[in-house]
$ cat model.cif   # mmCIF, C-alpha atoms
data_final
#
loop_
_atom_site.group_PDB
_atom_site.id
_atom_site.type_symbol
_atom_site.label_atom_id
_atom_site.label_comp_id
_atom_site.auth_asym_id
_atom_site.auth_seq_id
_atom_site.Cartn_x
_atom_site.Cartn_y
_atom_site.Cartn_z
ATOM 1 C CA MET A 1 99.477 130.568 112.922
ATOM 2 C CA PHE A 2 97.988 127.119 112.695
ATOM 3 C CA LYS A 3 94.249 126.723 113.091
ATOM 4 C CA ARG A 4 93.258 124.549 116.055
ATOM 5 C CA VAL A 5 89.756 123.171 116.497
ATOM 6 C CA LEU A 6 88.614 120.830 119.268
ATOM 7 C CA ILE A 7 86.346 118.104 117.943
ATOM 8 C CA ARG A 8 85.028 114.770 119.132
ATOM 9 C CA THR A 9 85.188 111.679 116.980
ATOM 10 C CA PHE A 10 84.244 108.032 116.919
ATOM 11 C CA SER A 11 86.561 106.363 114.470
ATOM 12 C CA VAL A 12 86.472 103.106 112.561
ATOM 13 C CA LEU A 13 88.992 101.622 114.976
ATOM 14 C CA ALA A 14 86.976 102.850 117.934
ATOM 15 C CA VAL A 15 83.941 100.960 116.675
ATOM 16 C CA ALA A 16 86.004 97.810 116.129
ATOM 17 C CA THR A 17 87.597 98.053 119.572
ATOM 18 C CA PHE A 18 84.263 98.827 121.243
ATOM 19 C CA GLY A 19 82.901 95.669 119.656
ATOM 20 C CA MET A 20 85.541 93.337 121.094
ATOM 21 C CA ALA A 21 83.094 92.081 123.702
ATOM 22 C CA ALA A 22 81.138 90.650 120.782
ATOM 23 C CA GLY A 23 84.223 89.001 119.346
ATOM 24 C CA LEU A 24 85.175 91.766 116.929
ATOM 25 C CA LEU A 25 88.796 92.737 116.342
ATOM 26 C CA PRO A 26 90.521 95.634 114.588
ATOM 27 C CA THR A 27 91.361 94.605 111.042
ATOM 28 C CA ALA A 28 95.070 95.243 110.701
ATOM 29 C CA GLN A 29 94.919 95.592 106.922
ATOM 30 C CA ALA A 30 92.184 98.240 107.084
ATOM 31 C CA ASP A 31 93.087 101.808 106.225
ATOM 32 C CA ILE A 32 91.548 104.200 108.729
ATOM 33 C CA LEU A 33 91.449 107.940 109.135
ATOM 34 C CA LEU A 34 92.129 108.335 112.830
ATOM 35 C CA PRO A 35 93.309 105.679 115.308
ATOM 36 C CA THR A 36 91.377 106.549 118.483
ATOM 37 C CA PRO A 37 90.804 103.570 120.800
ATOM 38 C CA ASP A 38 87.660 105.072 122.307
ATOM 39 C CA GLN A 39 85.508 108.168 122.082
ATOM 40 C CA SER A 40 87.974 110.892 123.007
ATOM 41 C CA ASP A 41 88.961 114.459 122.367
ATOM 42 C CA VAL A 42 90.833 115.038 119.143
ATOM 43 C CA ILE A 43 92.538 118.321 118.367
ATOM 44 C CA ARG A 44 92.324 119.093 114.683
ATOM 45 C CA ILE A 45 95.109 121.324 113.450
ATOM 46 C CA GLU A 46 95.188 122.820 109.985
ATOM 47 C CA LEU A 47 98.747 123.362 108.835
ATOM 48 C CA ASN A 48 100.025 125.568 106.073
ATOM 49 C CA GLY A 49 103.732 125.177 105.770
ATOM 50 C CA TYR A 50 106.839 124.139 107.629
ATOM 51 C CA GLU A 51 106.987 127.190 109.897
ATOM 52 C CA GLN A 52 103.594 126.420 111.406
ATOM 53 C CA LEU A 53 104.556 122.800 111.948
ATOM 54 C CA GLU A 54 107.710 123.879 113.739
ATOM 55 C CA LYS A 55 105.629 126.250 115.902
ATOM 56 C CA LEU A 56 103.333 123.371 116.820
ATOM 57 C CA PHE A 57 106.300 121.267 117.907
ATOM 58 C CA GLU A 58 107.483 124.130 120.113
ATOM 59 C CA ASP A 59 104.025 124.581 121.636
ATOM 60 C CA LEU A 60 103.863 120.865 122.470
ATOM 61 C CA GLY A 61 107.367 120.821 123.918
ATOM 62 C CA TYR A 62 108.278 118.326 121.225
ATOM 63 C CA THR A 63 111.761 119.685 120.685
ATOM 64 C CA ALA A 64 115.283 118.500 119.992
ATOM 65 C CA GLU A 65 116.397 120.072 123.266
ATOM 66 C CA ARG A 66 114.037 117.940 125.344
ATOM 67 C CA TRP A 67 114.852 114.827 123.350
ATOM 68 C CA ASN A 68 118.589 115.384 123.790
ATOM 69 C CA ALA A 69 117.972 115.860 127.515
ATOM 70 C CA GLY A 70 116.629 112.306 127.644
ATOM 71 C CA GLU A 71 112.871 112.873 127.463
ATOM 72 C CA ARG A 72 111.244 110.103 125.447
ATOM 73 C CA ILE A 73 107.606 111.238 125.558
ATOM 74 C CA VAL A 74 106.058 111.669 122.095
ATOM 75 C CA PRO A 75 102.745 113.432 121.368
ATOM 76 C CA ARG A 76 100.036 111.552 119.498
ATOM 77 C CA LEU A 77 100.516 113.243 116.147
ATOM 78 C CA PHE A 78 98.455 111.868 113.289
ATOM 79 C CA LEU A 79 99.337 113.335 109.908
ATOM 80 C CA GLN A 80 96.254 112.940 107.732
ATOM 81 C CA THR A 81 98.101 112.918 104.416
ATOM 82 C CA ILE A 82 101.547 113.591 102.955
ATOM 83 C CA PRO A 83 101.403 117.164 101.633
ATOM 84 C CA THR A 84 102.221 117.209 97.932
ATOM 85 C CA ARG A 85 104.196 120.392 98.439
ATOM 86 C CA TRP A 86 106.645 118.509 100.691
ATOM 87 C CA ARG A 87 108.413 117.465 97.503
ATOM 88 C CA ASP A 88 109.444 121.109 97.143
ATOM 89 C CA GLU A 89 109.494 122.360 100.744
ATOM 90 C CA LEU A 90 111.426 119.475 102.269
ATOM 91 C CA ALA A 91 113.640 118.768 99.282
ATOM 92 C CA ASP A 92 114.589 122.299 98.272
ATOM 93 C CA GLN A 93 113.822 124.832 100.991
ATOM 94 C CA LEU A 94 115.184 123.191 104.150
ATOM 95 C CA THR A 95 118.637 122.189 105.236
ATOM 96 C CA VAL A 96 119.316 118.467 105.373
ATOM 97 C CA THR A 97 119.199 118.574 109.179
ATOM 98 C CA ALA A 98 115.864 120.407 109.243
ATOM 99 C CA LYS A 99 114.401 118.084 106.611
ATOM 100 C CA LYS A 100 115.320 114.981 108.577
ATOM 101 C CA ARG A 101 114.108 116.453 111.863
ATOM 102 C CA THR A 102 110.753 117.375 110.327
ATOM 103 C CA PHE A 103 110.355 113.952 108.740
ATOM 104 C CA PHE A 104 111.089 111.957 111.883
ATOM 105 C CA ARG A 105 109.125 114.155 114.287
ATOM 106 C CA THR A 106 106.046 114.251 112.043
ATOM 107 C CA LEU A 107 105.889 110.622 110.909
ATOM 108 C CA GLY A 108 107.714 108.864 113.740
ATOM 109 C CA PRO A 109 104.689 108.945 116.084
ATOM 110 C CA LEU A 110 102.784 106.764 113.611
ATOM 111 C CA THR A 111 105.168 103.886 114.310
ATOM 112 C CA LEU A 112 104.384 104.148 118.029
ATOM 113 C CA LEU A 113 100.653 104.297 117.313
ATOM 114 C CA ALA A 114 100.864 101.170 115.154
ATOM 115 C CA ASN A 115 102.801 99.325 117.853
ATOM 116 C CA GLU A 116 100.196 100.408 120.392
ATOM 117 C CA GLU A 117 97.561 98.737 118.247
ATOM 118 C CA ILE A 118 99.665 95.566 118.089
ATOM 119 C CA ALA A 119 99.980 95.649 121.892
ATOM 120 C CA LEU A 120 96.190 95.827 122.098
ATOM 121 C CA GLN A 121 95.871 92.741 119.924
ATOM 122 C CA SER A 122 98.499 90.942 122.016
ATOM 123 C CA SER A 123 96.436 91.714 125.108
ATOM 124 C CA VAL A 124 93.324 90.351 123.380
ATOM 125 C CA LEU A 125 95.232 87.156 122.565
ATOM 126 C CA ARG A 126 96.338 86.721 126.187
ATOM 127 C CA ASP A 127 92.760 87.148 127.388
ATOM 128 C CA ALA A 128 91.550 84.637 124.804
ATOM 129 C CA ILE A 129 94.140 82.110 125.968
ATOM 130 C CA ARG A 130 93.161 82.655 129.607
ATOM 131 C CA THR A 131 89.439 82.200 128.903
ATOM 132 C CA ASN A 132 89.918 79.545 126.190
ATOM 133 C CA ASP A 133 87.995 81.717 123.716
ATOM 134 C CA LEU A 134 88.740 79.899 120.478
ATOM 135 C CA SER A 135 86.581 82.284 118.414
ATOM 136 C CA ILE A 136 88.947 85.167 119.178
ATOM 137 C CA VAL A 137 91.960 82.951 118.510
ATOM 138 C CA ALA A 138 90.433 81.998 115.163
ATOM 139 C CA GLU A 139 89.879 85.646 114.197
ATOM 140 C CA LEU A 140 93.442 86.555 115.086
ATOM 141 C CA ALA A 141 94.761 83.517 113.236
ATOM 142 C CA GLU A 142 92.889 84.589 110.109
ATOM 143 C CA GLN A 143 94.128 88.134 110.426
ATOM 144 C CA TYR A 144 97.742 87.073 110.970
ATOM 145 C CA ARG A 145 97.600 84.316 108.339
ATOM 146 C CA VAL A 146 98.135 81.373 110.661
ATOM 147 C CA GLU A 147 96.578 78.354 108.968
ATOM 148 C CA THR A 148 96.518 75.792 111.782
ATOM 149 C CA ALA A 149 93.329 75.190 113.771
ATOM 150 C CA PRO A 150 92.622 77.546 116.693
ATOM 151 C CA GLU A 151 92.658 74.657 119.179
ATOM 152 C CA ASP A 152 96.128 73.578 117.982
ATOM 153 C CA PRO A 153 98.856 74.725 120.442
ATOM 154 C CA ALA A 154 100.974 75.574 117.388
ATOM 155 C CA THR A 155 98.453 78.301 116.524
ATOM 156 C CA ILE A 156 98.966 80.066 119.847
ATOM 157 C CA ALA A 157 102.729 79.741 119.573
ATOM 158 C CA GLU A 158 102.752 81.224 116.085
ATOM 159 C CA LEU A 159 100.369 84.041 117.013
ATOM 160 C CA GLU A 160 102.546 84.992 119.976
ATOM 161 C CA LYS A 161 105.480 85.159 117.586
ATOM 162 C CA ARG A 162 103.612 87.284 115.027
ATOM 163 C CA ILE A 163 101.686 89.707 117.247
ATOM 164 C CA ALA A 164 104.697 91.646 118.461
ATOM 165 C CA PRO A 165 106.109 95.132 117.934
ATOM 166 C CA VAL A 166 108.449 96.371 115.243
ATOM 167 C CA PRO A 167 111.251 98.554 116.650
ATOM 168 C CA PRO A 168 110.402 102.170 115.749
ATOM 169 C CA SER A 169 114.029 102.831 114.811
ATOM 170 C CA LEU A 170 113.827 100.136 112.144
ATOM 171 C CA ALA A 171 110.467 101.342 110.831
ATOM 172 C CA MET A 172 111.599 104.961 110.709
ATOM 173 C CA ALA A 173 114.850 104.131 108.926
ATOM 174 C CA GLN A 174 113.073 102.068 106.269
ATOM 175 C CA MET A 175 110.416 104.757 105.938
ATOM 176 C CA ALA A 176 113.102 107.355 105.237
ATOM 177 C CA ILE A 177 114.842 105.173 102.652
ATOM 178 C CA GLU A 178 111.741 103.939 100.840
ATOM 179 C CA SER A 179 109.954 107.312 100.696
ATOM 180 C CA GLY A 180 112.932 109.552 99.989
ATOM 181 C CA TRP A 181 112.361 111.287 103.332
ATOM 182 C CA GLY A 182 108.677 111.733 102.495
ATOM 183 C CA THR A 183 109.322 113.417 99.153
ATOM 184 C CA SER A 184 108.879 110.517 96.721
ATOM 185 C CA ARG A 185 106.197 110.496 94.045
ATOM 186 C CA PHE A 186 104.582 107.500 95.739
ATOM 187 C CA ALA A 187 104.455 109.280 99.109
ATOM 188 C CA ALA A 188 102.904 112.390 97.553
ATOM 189 C CA LEU A 189 100.324 110.560 95.435
ATOM 190 C CA GLY A 190 99.430 107.656 97.710
ATOM 191 C CA ASN A 191 100.846 108.147 101.230
ATOM 192 C CA ALA A 192 103.111 105.194 100.378
ATOM 193 C CA LEU A 193 106.058 105.177 102.770
ATOM 194 C CA PHE A 194 107.531 101.682 102.407
ATOM 195 C CA GLY A 195 107.467 100.848 98.714
ATOM 196 C CA GLN A 196 105.147 97.882 99.155
ATOM 197 C CA TRP A 197 103.961 96.197 95.974
ATOM 198 C CA THR A 198 100.417 95.202 95.105
ATOM 199 C CA TYR A 199 99.082 93.218 92.179
ATOM 200 C CA GLY A 200 95.394 93.724 92.744
ATOM 201 C CA GLY A 201 94.718 96.602 95.110
ATOM 202 C CA ASP A 202 94.849 100.356 94.833
ATOM 203 C CA GLY A 203 98.223 101.483 93.731
ATOM 204 C CA ILE A 204 100.469 103.710 91.666
ATOM 205 C CA THR A 205 102.164 102.359 88.557
ATOM 206 C CA PRO A 206 105.926 102.993 88.621
ATOM 207 C CA GLU A 207 107.146 105.159 85.773
ATOM 208 C CA GLU A 208 109.702 102.469 84.955
ATOM 209 C CA GLN A 209 107.669 99.364 85.695
ATOM 210 C CA ARG A 210 109.601 96.154 85.066
ATOM 211 C CA LYS A 211 107.105 94.258 82.941
ATOM 212 C CA HIS A 212 108.833 90.916 83.391
ATOM 213 C CA LEU A 213 107.799 91.048 87.070
ATOM 214 C CA GLY A 214 104.108 91.405 86.242
ATOM 215 C CA ASP A 215 101.611 94.249 86.405
ATOM 216 C CA TYR A 216 102.603 95.349 89.895
ATOM 217 C CA LYS A 217 101.939 98.716 91.489
ATOM 218 C CA ILE A 218 103.111 100.523 94.590
ATOM 219 C CA ALA A 219 100.334 100.177 97.173
ATOM 220 C CA ALA A 220 98.517 103.448 97.937
ATOM 221 C CA PHE A 221 96.823 104.362 101.202
ATOM 222 C CA LYS A 222 94.270 106.895 102.428
ATOM 223 C CA THR A 223 96.608 107.930 105.230
ATOM 224 C CA PRO A 224 100.301 107.540 106.082
ATOM 225 C CA PHE A 225 99.181 105.508 109.094
ATOM 226 C CA GLY A 226 97.658 102.958 106.732
ATOM 227 C CA SER A 227 101.061 102.538 105.122
ATOM 228 C CA VAL A 228 102.761 102.043 108.496
ATOM 229 C CA ARG A 229 100.193 99.449 109.581
ATOM 230 C CA ALA A 230 100.528 97.537 106.319
ATOM 231 C CA TYR A 231 104.328 97.540 106.637
ATOM 232 C CA MET A 232 104.174 96.089 110.145
ATOM 233 C CA MET A 233 101.634 93.485 109.090
ATOM 234 C CA ASN A 234 103.945 92.581 106.217
ATOM 235 C CA LEU A 235 106.869 91.937 108.592
ATOM 236 C CA ASN A 236 104.590 90.081 111.007
ATOM 237 C CA THR A 237 103.056 87.737 108.434
ATOM 238 C CA GLY A 238 105.189 87.540 105.275
ATOM 239 C CA SER A 239 107.017 84.305 104.542
ATOM 240 C CA ALA A 240 110.102 86.332 103.626
ATOM 241 C CA TYR A 241 110.404 87.592 107.209
ATOM 242 C CA THR A 242 110.332 84.374 109.232
ATOM 243 C CA GLU A 243 113.919 84.995 110.325
ATOM 244 C CA PHE A 244 112.919 88.461 111.548
ATOM 245 C CA ARG A 245 110.116 87.015 113.684
ATOM 246 C CA ASP A 246 112.267 84.166 115.008
ATOM 247 C CA LEU A 247 115.046 86.494 116.138
ATOM 248 C CA ARG A 248 112.545 88.920 117.661
ATOM 249 C CA ALA A 249 110.903 86.066 119.595
ATOM 250 C CA ARG A 250 114.298 84.971 120.978
ATOM 251 C CA MET A 251 115.099 88.522 122.039
ATOM 252 C CA ILE A 252 111.742 88.839 123.803
ATOM 253 C CA ALA A 253 112.169 85.452 125.511
ATOM 254 C CA ASP A 254 115.649 86.474 126.690
ATOM 255 C CA GLN A 255 114.268 89.847 127.831
ATOM 256 C CA GLU A 256 116.595 91.683 125.480
ATOM 257 C CA PRO A 257 115.618 95.130 124.182
ATOM 258 C CA LEU A 258 114.392 94.924 120.593
ATOM 259 C CA SER A 259 117.119 96.565 118.541
ATOM 260 C CA GLY A 260 116.198 97.928 115.126
ATOM 261 C CA SER A 261 119.802 97.720 113.996
ATOM 262 C CA VAL A 262 120.136 94.069 115.016
ATOM 263 C CA LEU A 263 116.782 93.009 113.578
ATOM 264 C CA ALA A 264 117.594 94.796 110.310
ATOM 265 C CA GLU A 265 120.122 92.027 109.622
ATOM 266 C CA THR A 266 117.237 89.610 108.993
ATOM 267 C CA LEU A 267 115.686 91.675 106.185
ATOM 268 C CA THR A 268 117.842 90.569 103.266
ATOM 269 C CA ARG A 269 114.697 89.748 101.271
ATOM 270 C CA TYR A 270 113.020 93.136 101.758
ATOM 271 C CA SER A 271 115.025 94.629 98.916
ATOM 272 C CA GLU A 272 116.774 93.254 95.858
ATOM 273 C CA ARG A 273 119.886 94.984 97.167
ATOM 274 C CA GLY A 274 120.190 92.441 99.988
ATOM 275 C CA ASN A 275 123.072 93.143 102.357
ATOM 276 C CA VAL A 276 123.697 96.574 100.851
ATOM 277 C CA TYR A 277 120.154 97.533 101.819
ATOM 278 C CA ILE A 278 120.700 96.258 105.364
ATOM 279 C CA GLU A 279 123.842 98.331 105.664
ATOM 280 C CA GLU A 280 121.902 101.383 104.513
ATOM 281 C CA ILE A 281 119.210 100.809 107.154
ATOM 282 C CA GLN A 282 121.834 100.480 109.864
ATOM 283 C CA ALA A 283 123.614 103.599 108.614
ATOM 284 C CA VAL A 284 120.386 105.643 108.769
ATOM 285 C CA ILE A 285 119.766 104.400 112.325
ATOM 286 C CA ARG A 286 123.334 105.152 113.362
ATOM 287 C CA GLN A 287 123.779 108.512 111.625
ATOM 288 C CA ASN A 288 120.428 109.861 112.800
ATOM 289 C CA LYS A 289 120.727 108.446 116.335
ATOM 290 C CA LEU A 290 117.421 106.591 116.033
ATOM 291 C CA SER A 291 118.104 103.818 118.549
ATOM 292 C CA PRO A 292 116.714 105.846 121.505
ATOM 293 C CA VAL A 293 113.362 105.982 119.672
ATOM 294 C CA ASP A 294 112.922 102.320 120.606
ATOM 295 C CA ASP A 295 112.487 103.522 124.208
ATOM 296 C CA ALA A 296 109.959 106.243 123.341
ATOM 297 C CA VAL A 297 106.390 106.170 124.663
ATOM 298 C CA LEU A 298 103.279 107.997 123.568
ATOM 299 C CA GLU A 299 102.045 110.831 125.718
ATOM 300 C CA GLU A 300 98.738 110.323 127.514
ATOM 301 C CA SER A 301 97.076 113.109 125.614
ATOM 302 C CA PRO A 302 94.548 113.816 122.890
ATOM 303 C CA TYR A 303 95.302 112.953 119.311
ATOM 304 C CA TYR A 304 96.567 115.850 117.213
ATOM 305 C CA GLN A 305 95.071 115.362 113.777
ATOM 306 C CA LEU A 306 97.320 117.282 111.381
ATOM 307 C CA ILE A 307 95.472 118.460 108.285
ATOM 308 C CA PRO A 308 97.757 119.964 105.620
ATOM 309 C CA SER A 309 95.942 122.799 103.872
ATOM 310 C CA GLY A 310 96.410 124.112 100.368
ATOM 311 C CA GLU A 311 96.830 120.687 98.763
#

$ encode --input "model.cif" --output "structure tokens"
Amino acid sequence: MFKRVLIRTFSVLAVATFGMAAGLLPTAQADILLPTPDQSDVIRIELNGYEQLEKLFEDLGYTAERWNAGERIVPRLFLQTIPTRWRDELADQLTVTAKKRTFFRTLGPLTLLANEEIALQSSVLRDAIRTNDLSIVAELAEQYRVETAPEDPATIAELEKRIAPVPPSLAMAQMAIESGWGTSRFAALGNALFGQWTYGGDGITPEEQRKHLGDYKIAAFKTPFGSVRAYMMNLNTGSAYTEFRDLRARMIADQEPLSGSVLAETLTRYSERGNVYIEEIQAVIRQNKLSPVDDAVLEESPYYQLIPSGE
């Protein structure tokens, strides 16, 4: 059985959010341990193996049967770290179907949590526009790498384009590809789920580093959530993803649902494989029926902090 302990916490993000009245904002690049928006109950669960994780899903009613019946409510699961033993358990001991189901159900909620944080920042921006609070606009502009002055209407327009959600289906498909379904060396050693490069920060040197591209590393994170947040910030700020943001903005303006499969077509610069990579993303979305995840919502419940034991 899994061990379940009720605790109370006040996280880094909670402090940042609590301080918004003083002009503070959550730092999107920060790597945090637990994303609670206020002081709230957190259920800490120590896990020791796949069977216990599956039992937890059953206890929470987080099952394939309910999902297939059309329920789109997802519990607030927060995996603290990628268990190193997943490289063996998920790769060798489970069927392909069970491996994929475990991967998506365990890590998928992090994409919803990250989008919830983006929605919070979007709300802060709207309030700042309404009250003409240029200090908040300036902080958001710095965070989202908008270089025009806060009083410039172009700043607001660009921030509205950048502070927007990433379809969970797209994030989950790329996460599966880039992390080898959570079993890659980079996932095990650094909670790295999206293969993001770094030239100066904490990272893991690839075993076959291409020296002609510089002394790059794969960015490492304290938690998988940190990797998800960094990935979304990358899409929302990187110069390589302007087309992604432009198409997303048009879809929002036209009140079209944000489709991960459609938006994937703008990511030709995410991978050196270009269009082949896009086709792979779309195939993962299609074959694993991920599109309905874009309609999922987080349950109004405590956070379930999943602590893998026996690392």

$ atom_distance --input "model.cif" --atom1 "atom CA of Ala296 of chain A" --atom2 "atom CA of Arg72 of chain A"
4.6 Å

$ resolve_selection --input "model.cif" --expression "the PyMOL selection byres ((chain A and resi 162) around 8)" --output "number ranges by chain"
A: 144, 158-161, 163-164, 236-237, 245

$ residues_near_point --input "model.cif" --point "(113.2, 104.3, 103.5)" --cutoff "10 Å" --atoms "all atoms listed in the file" --output "PyMOL selection string"
chain A and resi 170-182+193-195+277+280-281+284

$ write_last_selection --input "model.cif" --atoms "C-alpha atoms" --output "CSV table (one decimal), in the coordinates of the input"
chain,number,residue,atom,x,y,z
A,170,LEU,CA,113.8,100.1,112.1
A,171,ALA,CA,110.5,101.3,110.8
A,172,MET,CA,111.6,105.0,110.7
A,173,ALA,CA,114.8,104.1,108.9
A,174,GLN,CA,113.1,102.1,106.3
A,175,MET,CA,110.4,104.8,105.9
A,176,ALA,CA,113.1,107.4,105.2
A,177,ILE,CA,114.8,105.2,102.7
A,178,GLU,CA,111.7,103.9,100.8
A,179,SER,CA,110.0,107.3,100.7
A,180,GLY,CA,112.9,109.6,100.0
A,181,TRP,CA,112.4,111.3,103.3
A,182,GLY,CA,108.7,111.7,102.5
A,193,LEU,CA,106.1,105.2,102.8
A,194,PHE,CA,107.5,101.7,102.4
A,195,GLY,CA,107.5,100.8,98.7
A,277,TYR,CA,120.2,97.5,101.8
A,280,GLU,CA,121.9,101.4,104.5
A,281,ILE,CA,119.2,100.8,107.2
A,284,VAL,CA,120.4,105.6,108.8

$ atom_distance --input "model.cif" --atom1 "atom CA of Met233 of chain A" --atom2 "atom CA of Leu247 of chain A"
16.7 Å

$ atom_distance --input "model.cif" --atom1 "atom CA of Ala154 of chain A" --atom2 "atom CA of Tyr241 of chain A"
18.4 Å

$ resolve_selection --input "model.cif" --expression "the PyMOL selection byres ((chain A and resi 119-136) around 7)" --output "PyMOL selection string"
chain A and resi 23+115-118+137-140+150-151+163

$ closest_residue --input "model.cif" --among "A:Val74, A:Ile307, A:Ala188, A:Val166" --to "Arg105 of chain A" --atoms "only C-alpha atoms"
A:Val74

$ resolve_selection --input "model.cif" --expression "the PyMOL selection byres ((chain A and resi 53) around 12)" --output "ChimeraX atom specification"
/A:1-3,45-52,54-60,62-63,77,79,98,101-103,105-106,304,306-309

$ closest_residue --input "model.cif" --among "A:Trp67, A:Tyr231, A:Phe221, A:Tyr270" --to "Pro168 of chain A" --atoms "all atoms listed in the file"
A:Tyr231

$ residues_near_point --input "model.cif" --point "(99.8, 105.7, 106.7)" --cutoff "12 Å" --atoms "all atoms listed in the file" --output "VMD selection string"
chain A and resid 29 to 35 78 to 82 106 to 111 113 to 114 175 179 182 187 to 188 190 to 194 219 to 232

$ axis_aligned_box --input "model.cif" --around "segment 158-172 of chain A" --padding-each-side "4 Å" --output "JSON"
{"center_x": 107.2, "center_y": 93.1, "center_z": 115.3, "size_x": 21.7, "size_y": 31.7, "size_z": 17.3}

$ build_atoms --input "model.cif" --residues "segment 227-239 of chain A" --atoms "N, CA, C and O atoms" --output "PDB file, in the coordinates of the input"
ATOM      1  N   SER A 227      99.821 103.079 105.669  1.00  0.00           N
ATOM      2  CA  SER A 227     101.061 102.538 105.122  1.00  0.00           C
ATOM      3  C   SER A 227     101.910 101.910 106.220  1.00  0.00           C
ATOM      4  O   SER A 227     102.490 100.829 106.039  1.00  0.00           O
ATOM      5  N   VAL A 228     101.979 102.574 107.378  1.00  0.00           N
ATOM      6  CA  VAL A 228     102.761 102.043 108.496  1.00  0.00           C
ATOM      7  C   VAL A 228     102.171 100.729 108.981  1.00  0.00           C
ATOM      8  O   VAL A 228     102.892  99.760 109.229  1.00  0.00           O
ATOM      9  N   ARG A 229     100.855 100.665 109.109  1.00  0.00           N
ATOM     10  CA  ARG A 229     100.193  99.449 109.581  1.00  0.00           C
ATOM     11  C   ARG A 229     100.435  98.292 108.601  1.00  0.00           C
ATOM     12  O   ARG A 229     100.685  97.164 109.011  1.00  0.00           O
ATOM     13  N   ALA A 230     100.329  98.582 107.320  1.00  0.00           N
ATOM     14  CA  ALA A 230     100.528  97.537 106.319  1.00  0.00           C
ATOM     15  C   ALA A 230     101.970  97.029 106.337  1.00  0.00           C
ATOM     16  O   ALA A 230     102.221  95.828 106.159  1.00  0.00           O
ATOM     17  N   TYR A 231     102.911  97.924 106.544  1.00  0.00           N
ATOM     18  CA  TYR A 231     104.328  97.540 106.637  1.00  0.00           C
ATOM     19  C   TYR A 231     104.549  96.599 107.821  1.00  0.00           C
ATOM     20  O   TYR A 231     105.210  95.551 107.697  1.00  0.00           O
ATOM     21  N   MET A 232     103.985  96.941 108.968  1.00  0.00           N
ATOM     22  CA  MET A 232     104.174  96.089 110.145  1.00  0.00           C
ATOM     23  C   MET A 232     103.481  94.745 109.964  1.00  0.00           C
ATOM     24  O   MET A 232     104.020  93.701 110.363  1.00  0.00           O
ATOM     25  N   MET A 233     102.308  94.744 109.357  1.00  0.00           N
ATOM     26  CA  MET A 233     101.634  93.485 109.090  1.00  0.00           C
ATOM     27  C   MET A 233     102.454  92.636 108.110  1.00  0.00           C
ATOM     28  O   MET A 233     102.509  91.408 108.230  1.00  0.00           O
ATOM     29  N   ASN A 234     103.091  93.288 107.171  1.00  0.00           N
ATOM     30  CA  ASN A 234     103.945  92.581 106.217  1.00  0.00           C
ATOM     31  C   ASN A 234     105.085  91.861 106.943  1.00  0.00           C
ATOM     32  O   ASN A 234     105.343  90.671 106.710  1.00  0.00           O
ATOM     33  N   LEU A 235     105.782  92.567 107.837  1.00  0.00           N
ATOM     34  CA  LEU A 235     106.869  91.937 108.592  1.00  0.00           C
ATOM     35  C   LEU A 235     106.339  90.842 109.512  1.00  0.00           C
ATOM     36  O   LEU A 235     107.023  89.836 109.754  1.00  0.00           O
ATOM     37  N   ASN A 236     105.128  91.023 110.027  1.00  0.00           N
ATOM     38  CA  ASN A 236     104.590  90.081 111.007  1.00  0.00           C
ATOM     39  C   ASN A 236     103.909  88.866 110.383  1.00  0.00           C
ATOM     40  O   ASN A 236     103.547  87.930 111.101  1.00  0.00           O
ATOM     41  N   THR A 237     103.734  88.869 109.065  1.00  0.00           N
ATOM     42  CA  THR A 237     103.056  87.737 108.434  1.00  0.00           C
ATOM     43  C   THR A 237     103.789  87.170 107.217  1.00  0.00           C
ATOM     44  O   THR A 237     103.600  86.001 106.878  1.00  0.00           O
ATOM     45  N   GLY A 238     104.588  87.967 106.531  1.00  0.00           N
ATOM     46  CA  GLY A 238     105.189  87.540 105.275  1.00  0.00           C
ATOM     47  C   GLY A 238     106.159  86.381 105.435  1.00  0.00           C
ATOM     48  O   GLY A 238     106.951  86.343 106.386  1.00  0.00           O
ATOM     49  N   SER A 239     106.116  85.459 104.491  1.00  0.00           N
ATOM     50  CA  SER A 239     107.017  84.305 104.542  1.00  0.00           C
ATOM     51  C   SER A 239     108.481  84.711 104.404  1.00  0.00           C
ATOM     52  O   SER A 239     109.378  83.995 104.852  1.00  0.00           O
TER      53      SER A 239
END
